[in-house]
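Please read the structure below before turning to the comments.
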Amino acid sequence: MEILFIGGKMKGHCYWLTGLPCSGKTTIVNELGLTLNAAGVQYHILDGDIFRRNITNHLGFSNEDRRSNLLIAANISKILILHNIIVLCAFISPFVSIRKEVKEIIGEENYTEIYIEASRETCIKRDVKGMWKKALNGDLHAFTGVGSVYEMPLNSITINTEKKKVFESVSELKKIIEGSGKSWVPTYQI
Ligand SMILES: Nc1ncnc2c1ncn2[C@@H]1O[C@H](COP(=O)(O)OP(=O)(O)OP(=O)(O)O)[C@@H](O)[C@H]1O
Ligand SMILES: [Mg+2]
């Protein structure tokens with residue numbers, strides 16, 4: 001496994017992955033986490049599904065509840081960043097206005113938004129959890145991509161997962177982290 005950071009003194013930063021259901025957000029943060037773990041980097045993953053199960057299980061999928069869910073995640077990210085932890089967030093986060101609020105809470109200097117791009121058709125084909133099928137059959141209310149819109153980011157860094165292997169997309173995220181020099185300050189590097 002390629003090692004990116006060893007004994008690095010990291011400055012906290014949030015990498016916020018947004019994209020359609022099944023675009024690859026969870027897969028990418030989990031894979032990157034393995035590398036960061038091996039390198040001894042302090043990181044934390046906030047993943048939509050787990051977050052809703054453990055922290056915000058009182059919330060549903062109305063626009064207001066989606067907003068509350070994401071603002072809570074943003075505030076937790078902010079605390080983690082204060083402790084110099086790299087935060088990898090994987091949330092559909094479909095609305096531009098709410099992502100803007102998230103960015104304001106976390107602070108522009110600590111926030112990098114990354115659009116995980118895959119076409120609706122590809123996401124429907126992947127259908128990891130069977131949710132697309134349910135939504136398309138009319139059994140799921142307000143599912144992003146069917147009954148609720150996904151507003152594409154206009155100015156975000158993009159990682160395309162459509163025609164790439166998982167390791168290639170993860171490698172792109174690694175490069176983004178390495179390239180944003182402000183996000184980490186290694187004490188030494190190999
Ligand atoms: N280049 C790629 N990067 C990431 N995932 C990929 C890629 N190519 C194929 N996949 C597959 O696409 C699926 C993505 O599912 P994943 O659960 O990560 O999506 P998600 O964006 O987290 O969805 P949700 O919003 O529903 O949680 C996985 O089965 C993964 O193996
Ligand atoms: Mg996911």
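A note on labels: chains of the structure tokens are A, B, ... as shown, every chain counts residues from 1, and ligands are counted from 1 in their shown order.
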
Expected answer as a compact mmCIF listing (two decimals) with C-alpha atoms, in the first residue's frame: residues within 8 Å of ligand 2, only C-alpha atoms and all ligand atoms:
# COMPACT_ATOMS: atom_id res chain seq x y z
CA PRO A 21 -26.81 8.01 -4.05
CA CYS A 22 -24.39 5.28 -5.22
CA GLY A 24 -19.17 6.34 -4.58
CA LYS A 25 -18.79 8.65 -1.57
CA THR A 26 -18.72 5.96 1.11
CA THR A 27 -16.49 3.65 -0.91
CA ASP A 47 -20.82 9.00 6.65
CA GLY A 48 -24.45 9.85 5.91
CA ASP A 49 -25.93 6.43 6.67
CA ALA A 90 -19.72 11.51 2.80
CA PHE A 91 -23.18 13.01 2.50
CA ILE A 92 -25.44 13.28 -0.53

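The shell of residues at most 9 Å from region 107-109 of chain A, with only C-alpha atoms counted and near chain neighbours (fewer than 2 positions) removed, consists of His13, Lys78, Val102, Lys103, Glu104, Ile105, Tyr111, Thr112 and Lys182 of chain A.
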
Residues from the last selection, C-alpha atoms, saved as an mmCIF file, in the first residue's frame:
data_model
loop_
_atom_site.group_PDB
_atom_site.id
_atom_site.type_symbol
_atom_site.label_atom_id
_atom_site.label_comp_id
_atom_site.auth_asym_id
_atom_site.auth_seq_id
_atom_site.Cartn_x
_atom_site.Cartn_y
_atom_site.Cartn_z
ATOM 1 C CA HIS A 13 -9.409 19.999 7.449
ATOM 2 C CA LYS A 78 -15.734 21.941 13.055
ATOM 3 C CA VAL A 102 -22.041 23.924 5.812
ATOM 4 C CA LYS A 103 -19.022 25.710 4.363
ATOM 5 C CA GLU A 104 -19.759 28.798 6.438
ATOM 6 C CA ILE A 105 -19.958 26.772 9.656
ATOM 7 C CA TYR A 111 -13.374 23.151 3.842
ATOM 8 C CA THR A 112 -12.876 21.436 0.508
ATOM 9 C CA LYS A 182 -2.510 23.849 3.840
#

At most 10 Å from ligand 1 (only C-alpha atoms and all ligand atoms): residue list as a PDB file with N, CA and C atoms, in the first residue's frame:
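The result, written out as selection01.pdb:
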ATOM      1  N   LEU A  17     -17.530  15.252   0.673  1.00  0.00           N
ATOM      2  CA  LEU A  17     -17.895  14.590  -0.588  1.00  0.00           C
ATOM      3  C   LEU A  17     -19.411  14.648  -0.769  1.00  0.00           C
ATOM      4  N   THR A  18     -19.820  15.176  -1.907  1.00  0.00           N
ATOM      5  CA  THR A  18     -21.246  15.270  -2.221  1.00  0.00           C
ATOM      6  C   THR A  18     -21.510  14.571  -3.558  1.00  0.00           C
ATOM      7  N   GLY A  19     -22.683  13.978  -3.698  1.00  0.00           N
ATOM      8  CA  GLY A  19     -23.011  13.319  -4.966  1.00  0.00           C
ATOM      9  C   GLY A  19     -24.252  12.462  -4.812  1.00  0.00           C
ATOM     10  N   LEU A  20     -24.747  12.018  -5.921  1.00  0.00           N
ATOM     11  CA  LEU A  20     -25.953  11.184  -5.956  1.00  0.00           C
ATOM     12  C   LEU A  20     -25.791   9.907  -5.121  1.00  0.00           C
ATOM     13  N   PRO A  21     -26.895   9.323  -4.691  1.00  0.00           N
ATOM     14  CA  PRO A  21     -26.807   8.005  -4.047  1.00  0.00           C
ATOM     15  C   PRO A  21     -26.128   7.006  -4.984  1.00  0.00           C
ATOM     16  N   CYS A  22     -25.164   6.283  -4.458  1.00  0.00           N
ATOM     17  CA  CYS A  22     -24.388   5.280  -5.217  1.00  0.00           C
ATOM     18  C   CYS A  22     -23.326   5.887  -6.123  1.00  0.00           C
ATOM     19  N   SER A  23     -23.045   7.161  -5.957  1.00  0.00           N
ATOM     20  CA  SER A  23     -21.982   7.753  -6.781  1.00  0.00           C
ATOM     21  C   SER A  23     -20.599   7.278  -6.320  1.00  0.00           C
ATOM     22  N   GLY A  24     -20.461   6.881  -5.046  1.00  0.00           N
ATOM     23  CA  GLY A  24     -19.174   6.338  -4.584  1.00  0.00           C
ATOM     24  C   GLY A  24     -18.572   7.023  -3.368  1.00  0.00           C
ATOM     25  N   LYS A  25     -19.317   7.876  -2.705  1.00  0.00           N
ATOM     26  CA  LYS A  25     -18.788   8.654  -1.567  1.00  0.00           C
ATOM     27  C   LYS A  25     -18.262   7.753  -0.443  1.00  0.00           C
ATOM     28  N   THR A  26     -19.105   6.836  -0.010  1.00  0.00           N
ATOM     29  CA  THR A  26     -18.719   5.960   1.107  1.00  0.00           C
ATOM     30  C   THR A  26     -17.525   5.090   0.728  1.00  0.00           C
ATOM     31  N   THR A  27     -17.584   4.529  -0.457  1.00  0.00           N
ATOM     32  CA  THR A  27     -16.494   3.652  -0.913  1.00  0.00           C
ATOM     33  C   THR A  27     -15.164   4.408  -0.884  1.00  0.00           C
ATOM     34  N   ILE A  28     -15.174   5.631  -1.369  1.00  0.00           N
ATOM     35  CA  ILE A  28     -13.928   6.400  -1.471  1.00  0.00           C
ATOM     36  C   ILE A  28     -13.399   6.792  -0.088  1.00  0.00           C
ATOM     37  N   VAL A  29     -14.259   7.287   0.801  1.00  0.00           N
ATOM     38  CA  VAL A  29     -13.736   7.695   2.118  1.00  0.00           C
ATOM     39  C   VAL A  29     -13.260   6.478   2.916  1.00  0.00           C
ATOM     40  N   ASN A  30     -13.969   5.374   2.793  1.00  0.00           N
ATOM     41  CA  ASN A  30     -13.531   4.181   3.535  1.00  0.00           C
ATOM     42  C   ASN A  30     -12.178   3.680   3.043  1.00  0.00           C
ATOM     43  N   GLU A  31     -12.001   3.667   1.733  1.00  0.00           N
ATOM     44  CA  GLU A  31     -10.719   3.218   1.158  1.00  0.00           C
ATOM     45  C   GLU A  31      -9.597   4.165   1.553  1.00  0.00           C
ATOM     46  N   ASP A  47     -20.132   9.554   7.817  1.00  0.00           N
ATOM     47  CA  ASP A  47     -20.821   9.002   6.651  1.00  0.00           C
ATOM     48  C   ASP A  47     -22.333   9.112   6.848  1.00  0.00           C
ATOM     49  N   GLY A  48     -23.017   9.580   5.829  1.00  0.00           N
ATOM     50  CA  GLY A  48     -24.451   9.846   5.907  1.00  0.00           C
ATOM     51  C   GLY A  48     -25.258   8.753   6.592  1.00  0.00           C
ATOM     52  N   ASP A  49     -25.102   7.526   6.131  1.00  0.00           N
ATOM     53  CA  ASP A  49     -25.927   6.427   6.665  1.00  0.00           C
ATOM     54  C   ASP A  49     -25.670   6.200   8.152  1.00  0.00           C
ATOM     55  N   ILE A  50     -24.396   6.149   8.508  1.00  0.00           N
ATOM     56  CA  ILE A  50     -24.027   5.837   9.899  1.00  0.00           C
ATOM     57  C   ILE A  50     -24.403   7.018  10.802  1.00  0.00           C
ATOM     58  N   ALA A  90     -19.070  12.121   3.970  1.00  0.00           N
ATOM     59  CA  ALA A  90     -19.719  11.514   2.803  1.00  0.00           C
ATOM     60  C   ALA A  90     -21.222  11.658   2.958  1.00  0.00           C
ATOM     61  N   PHE A  91     -21.740  12.725   2.418  1.00  0.00           N
ATOM     62  CA  PHE A  91     -23.176  13.005   2.505  1.00  0.00           C
ATOM     63  C   PHE A  91     -23.696  13.365   1.116  1.00  0.00           C
ATOM     64  N   ILE A  92     -24.864  12.897   0.762  1.00  0.00           N
ATOM     65  CA  ILE A  92     -25.444  13.276  -0.532  1.00  0.00           C
ATOM     66  C   ILE A  92     -25.465  14.802  -0.635  1.00  0.00           C
ATOM     67  N   SER A  93     -25.888  15.440   0.435  1.00  0.00           N
ATOM     68  CA  SER A  93     -25.950  16.921   0.542  1.00  0.00           C
ATOM     69  C   SER A  93     -26.377  17.558  -0.784  1.00  0.00           C
ATOM     70  N   ILE A 116     -18.584  14.059  -6.211  1.00  0.00           N
ATOM     71  CA  ILE A 116     -18.359  12.689  -6.668  1.00  0.00           C
ATOM     72  C   ILE A 116     -19.367  12.452  -7.791  1.00  0.00           C
ATOM     73  N   GLU A 117     -18.812  12.397  -8.977  1.00  0.00           N
ATOM     74  CA  GLU A 117     -19.651  12.432 -10.177  1.00  0.00           C
ATOM     75  C   GLU A 117     -19.869  11.049 -10.785  1.00  0.00           C
ATOM     76  N   ALA A 118     -21.127  10.713 -10.936  1.00  0.00           N
ATOM     77  CA  ALA A 118     -21.516   9.525 -11.709  1.00  0.00           C
ATOM     78  C   ALA A 118     -22.915   9.823 -12.227  1.00  0.00           C
ATOM     79  N   THR A 122     -25.845   5.331 -14.182  1.00  0.00           N
ATOM     80  CA  THR A 122     -24.850   4.459 -13.549  1.00  0.00           C
ATOM     81  C   THR A 122     -25.228   4.190 -12.098  1.00  0.00           C
ATOM     82  N   CYS A 123     -25.662   5.221 -11.393  1.00  0.00           N
ATOM     83  CA  CYS A 123     -26.041   5.046  -9.985  1.00  0.00           C
ATOM     84  C   CYS A 123     -27.216   4.079  -9.867  1.00  0.00           C
ATOM     85  N   LYS A 125     -27.876   1.692 -11.914  1.00  0.00           N
ATOM     86  CA  LYS A 125     -27.355   0.341 -12.183  1.00  0.00           C
ATOM     87  C   LYS A 125     -26.641  -0.225 -10.960  1.00  0.00           C
ATOM     88  N   ARG A 126     -25.881   0.631 -10.261  1.00  0.00           N
ATOM     89  CA  ARG A 126     -25.125   0.148  -9.095  1.00  0.00           C
ATOM     90  C   ARG A 126     -26.076  -0.271  -7.971  1.00  0.00           C
ATOM     91  N   ASP A 127     -26.984   0.578  -7.669  1.00  0.00           N
ATOM     92  CA  ASP A 127     -28.029   0.391  -6.640  1.00  0.00           C
ATOM     93  C   ASP A 127     -27.605  -0.517  -5.485  1.00  0.00           C
ATOM     94  N   VAL A 128     -26.568  -0.114  -4.799  1.00  0.00           N
ATOM     95  CA  VAL A 128     -25.937  -0.918  -3.745  1.00  0.00           C
ATOM     96  C   VAL A 128     -26.936  -1.382  -2.679  1.00  0.00           C
ATOM     97  N   LYS A 129     -27.840  -0.486  -2.300  1.00  0.00           N
ATOM     98  CA  LYS A 129     -28.743  -0.814  -1.186  1.00  0.00           C
ATOM     99  C   LYS A 129     -30.189  -1.070  -1.648  1.00  0.00           C
ATOM    100  N   GLY A 130     -30.386  -1.085  -2.948  1.00  0.00           N
ATOM    101  CA  GLY A 130     -31.741  -1.332  -3.472  1.00  0.00           C
ATOM    102  C   GLY A 130     -32.682  -0.146  -3.323  1.00  0.00           C
ATOM    103  N   MET A 131     -32.124   1.015  -2.979  1.00  0.00           N
ATOM    104  CA  MET A 131     -32.977   2.186  -2.716  1.00  0.00           C
ATOM    105  C   MET A 131     -33.482   2.836  -4.003  1.00  0.00           C
ATOM    106  N   TRP A 132     -32.620   2.826  -5.023  1.00  0.00           N
ATOM    107  CA  TRP A 132     -33.052   3.399  -6.311  1.00  0.00           C
ATOM    108  C   TRP A 132     -34.284   2.644  -6.814  1.00  0.00           C
ATOM    109  N   PHE A 143     -36.636  10.561  -2.437  1.00  0.00           N
ATOM    110  CA  PHE A 143     -35.288  10.010  -2.626  1.00  0.00           C
ATOM    111  C   PHE A 143     -34.533  10.901  -3.622  1.00  0.00           C
ATOM    112  N   THR A 144     -33.308  11.256  -3.278  1.00  0.00           N
ATOM    113  CA  THR A 144     -32.555  12.147  -4.159  1.00  0.00           C
ATOM    114  C   THR A 144     -32.308  11.461  -5.498  1.00  0.00           C
ATOM    115  N   ILE A 159     -14.466  14.420  -8.755  1.00  0.00           N
ATOM    116  CA  ILE A 159     -13.872  13.096  -8.961  1.00  0.00           C
ATOM    117  C   ILE A 159     -14.924  12.263  -9.674  1.00  0.00           C
ATOM    118  N   ASN A 160     -14.592  11.814 -10.859  1.00  0.00           N
ATOM    119  CA  ASN A 160     -15.543  11.016 -11.615  1.00  0.00           C
ATOM    120  C   ASN A 160     -15.346   9.541 -11.272  1.00  0.00           C
ATOM    121  N   THR A 161     -16.433   8.851 -11.006  1.00  0.00           N
ATOM    122  CA  THR A 161     -16.310   7.429 -10.650  1.00  0.00           C
ATOM    123  C   THR A 161     -16.922   6.536 -11.722  1.00  0.00           C
ATOM    124  N   GLU A 162     -17.388   7.172 -12.753  1.00  0.00           N
ATOM    125  CA  GLU A 162     -18.160   6.458 -13.770  1.00  0.00           C
ATOM    126  C   GLU A 162     -17.312   5.453 -14.561  1.00  0.00           C
ATOM    127  N   LYS A 163     -16.173   5.953 -15.017  1.00  0.00           N
ATOM    128  CA  LYS A 163     -15.355   5.094 -15.886  1.00  0.00           C
ATOM    129  C   LYS A 163     -14.028   4.770 -15.230  1.00  0.00           C
ATOM    130  N   LYS A 164     -13.976   4.940 -13.904  1.00  0.00           N
ATOM    131  CA  LYS A 164     -12.716   4.701 -13.212  1.00  0.00           C
ATOM    132  C   LYS A 164     -12.878   3.581 -12.201  1.00  0.00           C
ATOM    133  N   LYS A 165     -11.745   2.950 -11.920  1.00  0.00           N
ATOM    134  CA  LYS A 165     -11.745   1.932 -10.871  1.00  0.00           C
ATOM    135  C   LYS A 165     -11.717   2.652  -9.527  1.00  0.00           C
ATOM    136  N   VAL A 166     -12.152   1.930  -8.486  1.00  0.00           N
ATOM    137  CA  VAL A 166     -12.193   2.548  -7.157  1.00  0.00           C
ATOM    138  C   VAL A 166     -10.818   3.114  -6.793  1.00  0.00           C
ATOM    139  N   PHE A 167      -9.748   2.326  -7.016  1.00  0.00           N
ATOM    140  CA  PHE A 167      -8.432   2.790  -6.581  1.00  0.00           C
ATOM    141  C   PHE A 167      -8.011   4.069  -7.301  1.00  0.00           C
ATOM    142  N   GLU A 168      -8.497   4.240  -8.528  1.00  0.00           N
ATOM    143  CA  GLU A 168      -8.149   5.466  -9.274  1.00  0.00           C
ATOM    144  C   GLU A 168      -8.853   6.684  -8.663  1.00  0.00           C
ATOM    145  N   SER A 169     -10.107   6.514  -8.298  1.00  0.00           N
ATOM    146  CA  SER A 169     -10.842   7.624  -7.693  1.00  0.00           C
ATOM    147  C   SER A 169     -10.266   7.968  -6.322  1.00  0.00           C
ATOM    148  N   VAL A 170      -9.885   6.936  -5.574  1.00  0.00           N
ATOM    149  CA  VAL A 170      -9.294   7.172  -4.252  1.00  0.00           C
ATOM    150  C   VAL A 170      -7.967   7.897  -4.411  1.00  0.00           C
ATOM    151  N   SER A 171      -7.223   7.492  -5.419  1.00  0.00           N
ATOM    152  CA  SER A 171      -5.937   8.126  -5.679  1.00  0.00           C
ATOM    153  C   SER A 171      -6.123   9.616  -6.013  1.00  0.00           C
ATOM    154  N   GLU A 172      -7.203   9.934  -6.695  1.00  0.00           N
ATOM    155  CA  GLU A 172      -7.486  11.354  -6.989  1.00  0.00           C
ATOM    156  C   GLU A 172      -7.719  12.132  -5.703  1.00  0.00           C
TER     157      GLU A 172
END

> So what do you get for CA of Leu140 (chain A) versus CA of Asn54 (chain A), distance-wise?
Replying inline: 21.4 Å

>> At a cut-off of 10 Å, using only C-alpha atoms, what residues contact Ser62 (chain A)? Leave out same-chain residues fewer than 4 positions from it and give the result as a list in words.
In response: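 Close residues of Ser62 (chain A): Arg66, Arg67, Ser68, His141, Ala142 and Ser148 of chain A.
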
> Taking into account only C-alpha atoms, which residue in the set A:Gly138, A:Gly145, A:Pro153, A:Pro94 is nearest to Ile114 (chain A)?
Replying inline: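 Among the listed residues, A:Pro153 lies closest to Ile114 (chain A).
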